[in-house]
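Pasted below: entry-v9.txt, compact mmCIF, C-alpha atoms.
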```
# COMPACT_ATOMS: atom_id res chain seq x y z
CA MET A 278 -22.86 13.11 10.73
CA ALA A 279 -20.48 10.31 11.70
CA PRO A 280 -18.03 9.08 9.02
CA HIS A 281 -19.55 5.60 9.14
CA SER A 282 -23.03 6.97 8.39
CA SER A 283 -21.74 8.78 5.33
CA SER A 284 -20.00 5.64 4.02
CA PHE A 285 -23.13 3.57 4.60
CA LEU A 286 -25.25 6.11 2.73
CA THR A 287 -22.80 6.21 -0.19
CA ILE A 288 -22.66 2.41 -0.42
CA SER A 289 -26.46 2.20 -0.21
CA ILE A 290 -26.87 4.69 -3.07
CA LEU A 291 -24.30 2.85 -5.20
CA LEU A 292 -26.02 -0.49 -4.60
CA PHE A 293 -29.38 1.03 -5.50
CA ILE A 294 -27.96 2.43 -8.76
CA CYS A 295 -26.46 -0.99 -9.59
CA PHE A 296 -29.83 -2.62 -8.91
CA LEU A 297 -31.62 -0.19 -11.21
CA SER A 298 -29.18 -0.68 -14.05
CA SER A 299 -29.23 -4.49 -13.75
CA SER A 300 -33.03 -4.63 -13.63
CA SER A 301 -33.29 -2.82 -16.95
CA SER A 302 -32.95 -6.25 -18.53
CA VAL A 303 -36.19 -7.19 -20.28
CA ASP A 304 -36.48 -10.58 -18.55
CA ALA A 305 -35.98 -9.07 -15.10
CA LEU A 306 -39.02 -6.86 -15.57
CA GLY A 307 -41.29 -9.49 -17.11
CA GLY A 308 -41.10 -7.74 -20.48
CA LYS A 309 -40.96 -9.40 -23.87
CA ALA A 310 -37.72 -11.08 -24.93
CA GLU A 311 -36.84 -11.80 -28.55
CA ILE A 312 -36.36 -15.47 -29.46
CA LYS A 313 -33.35 -15.63 -31.76
CA ASP A 314 -33.41 -19.14 -33.26
CA VAL A 315 -37.05 -19.07 -34.36
CA LYS A 316 -36.83 -21.14 -37.54
CA THR A 317 -34.88 -23.96 -35.88
CA ASN A 318 -36.68 -23.82 -32.51
CA LYS A 319 -38.95 -26.89 -32.44
CA GLU A 320 -41.04 -25.62 -29.51
CA VAL A 321 -41.75 -22.30 -31.24
CA GLN A 322 -42.59 -24.00 -34.55
CA ASP A 323 -44.89 -26.47 -32.73
CA LEU A 324 -46.67 -23.56 -31.03
CA GLY A 325 -47.12 -21.86 -34.41
CA LYS A 326 -48.68 -25.03 -35.85
CA TYR A 327 -50.85 -25.33 -32.74
CA SER A 328 -52.10 -21.75 -33.21
CA VAL A 329 -53.09 -22.42 -36.85
CA ASP A 330 -54.78 -25.72 -35.91
CA GLU A 331 -56.74 -24.02 -33.11
CA TYR A 332 -57.77 -21.18 -35.43
CA ASN A 333 -59.01 -23.72 -38.01
CA LEU A 334 -60.97 -25.62 -35.31
CA LYS A 335 -62.67 -22.43 -34.11
CA LYS A 336 -63.54 -21.31 -37.64
CA GLY A 337 -64.87 -24.72 -38.70
CA GLU A 338 -65.28 -24.93 -42.47
CA GLU A 339 -64.10 -21.32 -42.82
CA GLY A 340 -60.72 -22.25 -41.30
CA SER A 341 -58.63 -23.14 -44.31
CA LEU A 342 -55.13 -22.17 -43.19
CA THR A 343 -52.09 -24.39 -43.71
CA PHE A 344 -49.20 -23.73 -41.35
CA THR A 345 -45.91 -22.80 -43.04
CA GLN A 346 -43.59 -21.56 -40.26
CA VAL A 347 -43.09 -19.08 -37.44
CA VAL A 348 -40.94 -16.24 -38.77
CA LYS A 349 -40.59 -14.16 -35.60
CA ALA A 350 -41.21 -14.80 -31.91
CA GLN A 351 -41.01 -13.20 -28.51
CA LYS A 352 -41.74 -14.61 -25.08
CA GLN A 353 -42.80 -13.11 -21.81
CA VAL A 354 -42.75 -14.72 -18.39
CA VAL A 355 -46.16 -14.33 -16.77
CA ALA A 356 -48.07 -17.01 -14.85
CA GLY A 357 -46.51 -19.38 -17.37
CA ILE A 358 -44.87 -18.27 -20.60
CA GLN A 359 -46.71 -16.18 -23.15
CA TYR A 360 -45.45 -16.43 -26.72
CA PHE A 361 -46.01 -13.70 -29.31
CA LEU A 362 -45.65 -15.33 -32.72
CA LYS A 363 -45.54 -14.03 -36.29
CA VAL A 364 -46.95 -17.01 -38.19
CA SER A 365 -46.71 -17.62 -41.92
CA ALA A 366 -49.57 -19.71 -43.33
CA MET A 367 -51.15 -20.46 -46.68
CA GLU A 368 -54.76 -19.43 -47.26
CA ASN A 369 -56.31 -20.63 -50.51
CA GLY A 370 -52.84 -20.95 -52.04
CA SER A 371 -51.70 -17.45 -51.00
CA PRO A 372 -49.11 -16.77 -48.29
CA LYS A 373 -50.48 -14.76 -45.35
CA PHE A 374 -49.07 -13.59 -42.02
CA PHE A 375 -50.81 -13.74 -38.66
CA ASP A 376 -50.05 -12.52 -35.15
CA ALA A 377 -50.69 -15.23 -32.57
CA VAL A 378 -50.44 -15.18 -28.80
CA VAL A 379 -50.16 -18.55 -27.05
CA LEU A 380 -50.03 -18.98 -23.28
CA VAL A 381 -48.16 -22.07 -22.05
CA LYS A 382 -48.73 -23.32 -18.51
CA ALA A 383 -46.87 -26.62 -18.36
CA TRP A 384 -48.57 -27.64 -15.10
CA GLU A 385 -52.09 -27.42 -16.59
CA LYS A 386 -53.88 -29.82 -18.93
CA PRO A 387 -54.05 -28.80 -21.70
CA ALA A 388 -50.85 -26.81 -21.28
CA ASN A 389 -51.34 -24.52 -24.31
CA ARG A 390 -54.06 -21.93 -24.78
CA LEU A 391 -54.51 -19.73 -27.85
CA ILE A 392 -55.14 -16.20 -26.60
CA SER A 393 -55.43 -14.47 -29.97
CA PHE A 394 -54.89 -15.11 -33.67
CA ASN A 395 -55.33 -12.23 -36.11
CA PRO A 396 -54.19 -11.19 -39.58
CA SER A 397 -50.89 -9.32 -39.31
CA SER A 398 -50.35 -5.83 -40.66
CA THR A 399 -46.67 -6.64 -41.34
CA GLU A 400 -44.71 -9.55 -42.76
CA ASN A 401 -42.07 -9.53 -40.02
```
Could I get this structure in the form of structure tokens?
Amino acid sequence: MAPHSSSFLTISILLFICFLSSSSSVDALGGKAEIKDVKTNKEVQDLGKYSVDEYNLKKGEEGSLTFTQVVKAQKQVVAGIQYFLKVSAMENGSPKFFDAVVLVKAWEKPANRLISFNPSSTEN
């Protein structure tokens, strides 16, 4: 094997290893990324309120939730951005937690779509 071939192979392997280690980032793989400033993030809080409002609309008279705040959030880049929210809301005067998934496609009207909204098994 010529010396140049060996160098090329070594460099190729090193570049491949660098690529693998850099793509372990959650965002690079389309995985979920934690949102750090949840309580002060207006967009996240607005999406939490939206999810409670949509739940109440779908439930009609049974929907008696009052939005309190989003306490935890993650996002995932898909065909748009999918938000996974831990929502705190009041139900008949008692605090409850819900897991909501909202898909945001800014180029569509309406841009937000509630994918799911269910009672949470954990508080955070």
Using all atoms listed in the file, what residues lie at most 12 Å away from (-51.2, -16.4, -25.8) (file coordinates), given as a short mmCIF file (atom, residue, chain, number, x, y, z; two decimals) with C-alpha atoms, in the frame of the given file?
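Full text of result_13.cif as output:
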```
data_model
loop_
_atom_site.label_atom_id
_atom_site.label_comp_id
_atom_site.auth_asym_id
_atom_site.auth_seq_id
_atom_site.Cartn_x
_atom_site.Cartn_y
_atom_site.Cartn_z
CA LEU A 324 -46.67 -23.56 -31.03
CA GLY A 325 -47.12 -21.86 -34.41
CA TYR A 327 -50.85 -25.33 -32.74
CA SER A 328 -52.10 -21.75 -33.21
CA GLU A 331 -56.74 -24.02 -33.11
CA ALA A 350 -41.21 -14.80 -31.91
CA GLN A 351 -41.01 -13.20 -28.51
CA LYS A 352 -41.74 -14.61 -25.08
CA GLN A 353 -42.80 -13.11 -21.81
CA VAL A 354 -42.75 -14.72 -18.39
CA VAL A 355 -46.16 -14.33 -16.77
CA ALA A 356 -48.07 -17.01 -14.85
CA GLY A 357 -46.51 -19.38 -17.37
CA ILE A 358 -44.87 -18.27 -20.60
CA GLN A 359 -46.71 -16.18 -23.15
CA TYR A 360 -45.45 -16.43 -26.72
CA PHE A 361 -46.01 -13.70 -29.31
CA LEU A 362 -45.65 -15.33 -32.72
CA ASP A 376 -50.05 -12.52 -35.15
CA ALA A 377 -50.69 -15.23 -32.57
CA VAL A 378 -50.44 -15.18 -28.80
CA VAL A 379 -50.16 -18.55 -27.05
CA LEU A 380 -50.03 -18.98 -23.28
CA VAL A 381 -48.16 -22.07 -22.05
CA LYS A 382 -48.73 -23.32 -18.51
CA ALA A 388 -50.85 -26.81 -21.28
CA ASN A 389 -51.34 -24.52 -24.31
CA ARG A 390 -54.06 -21.93 -24.78
CA LEU A 391 -54.51 -19.73 -27.85
CA ILE A 392 -55.14 -16.20 -26.60
CA SER A 393 -55.43 -14.47 -29.97
CA PHE A 394 -54.89 -15.11 -33.67
CA ASN A 395 -55.33 -12.23 -36.11
#
```
For segment 340-348 of chain A, find every residue with an atom within 8 Å (counting all atoms listed in the file), except residues of its own chain fewer than 4 positions away, and show them as a JSON list (two decimals) with C-alpha atoms, in the frame of the given file.
```json
[["chain", "number", "residue", "atom", "x", "y", "z"],
["A", 315, "VAL", "CA", -37.05, -19.07, -34.36],
["A", 316, "LYS", "CA", -36.83, -21.14, -37.54],
["A", 321, "VAL", "CA", -41.75, -22.30, -31.24],
["A", 322, "GLN", "CA", -42.59, -24.00, -34.55],
["A", 325, "GLY", "CA", -47.12, -21.86, -34.41],
["A", 326, "LYS", "CA", -48.68, -25.03, -35.85],
["A", 329, "VAL", "CA", -53.09, -22.42, -36.85],
["A", 332, "TYR", "CA", -57.77, -21.18, -35.43],
["A", 333, "ASN", "CA", -59.01, -23.72, -38.01],
["A", 334, "LEU", "CA", -60.97, -25.62, -35.31],
["A", 335, "LYS", "CA", -62.67, -22.43, -34.11],
["A", 336, "LYS", "CA", -63.54, -21.31, -37.64],
["A", 362, "LEU", "CA", -45.65, -15.33, -32.72],
["A", 363, "LYS", "CA", -45.54, -14.03, -36.29],
["A", 364, "VAL", "CA", -46.95, -17.01, -38.19],
["A", 365, "SER", "CA", -46.71, -17.62, -41.92],
["A", 366, "ALA", "CA", -49.57, -19.71, -43.33],
["A", 367, "MET", "CA", -51.15, -20.46, -46.68],
["A", 368, "GLU", "CA", -54.76, -19.43, -47.26],
["A", 369, "ASN", "CA", -56.31, -20.63, -50.51],
["A", 401, "ASN", "CA", -42.07, -9.53, -40.02]]
```
**OP:** Quick one: pull the distance between atom CA of Glu320 of chain A and atom CA of Lys349 of chain A, Å, one decimal.
**Re:** 13.0 Å
**OP:** Work out how far apart atom CA of Ser397 of chain A and atom CA of Glu339 of chain A are and give it in Å to one decimal.
**Re:**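 Rounded to one decimal, the two atoms are 18.2 Å apart.
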**OP:** Give me, please, the distance in Å between atom CA of Ser398 of chain A and atom CA of Gly337 of chain A, quoted to one decimal.
**Re:**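 Value for the atom CA of Ser398 of chain A-atom CA of Gly337 of chain A distance: 23.9 Å.
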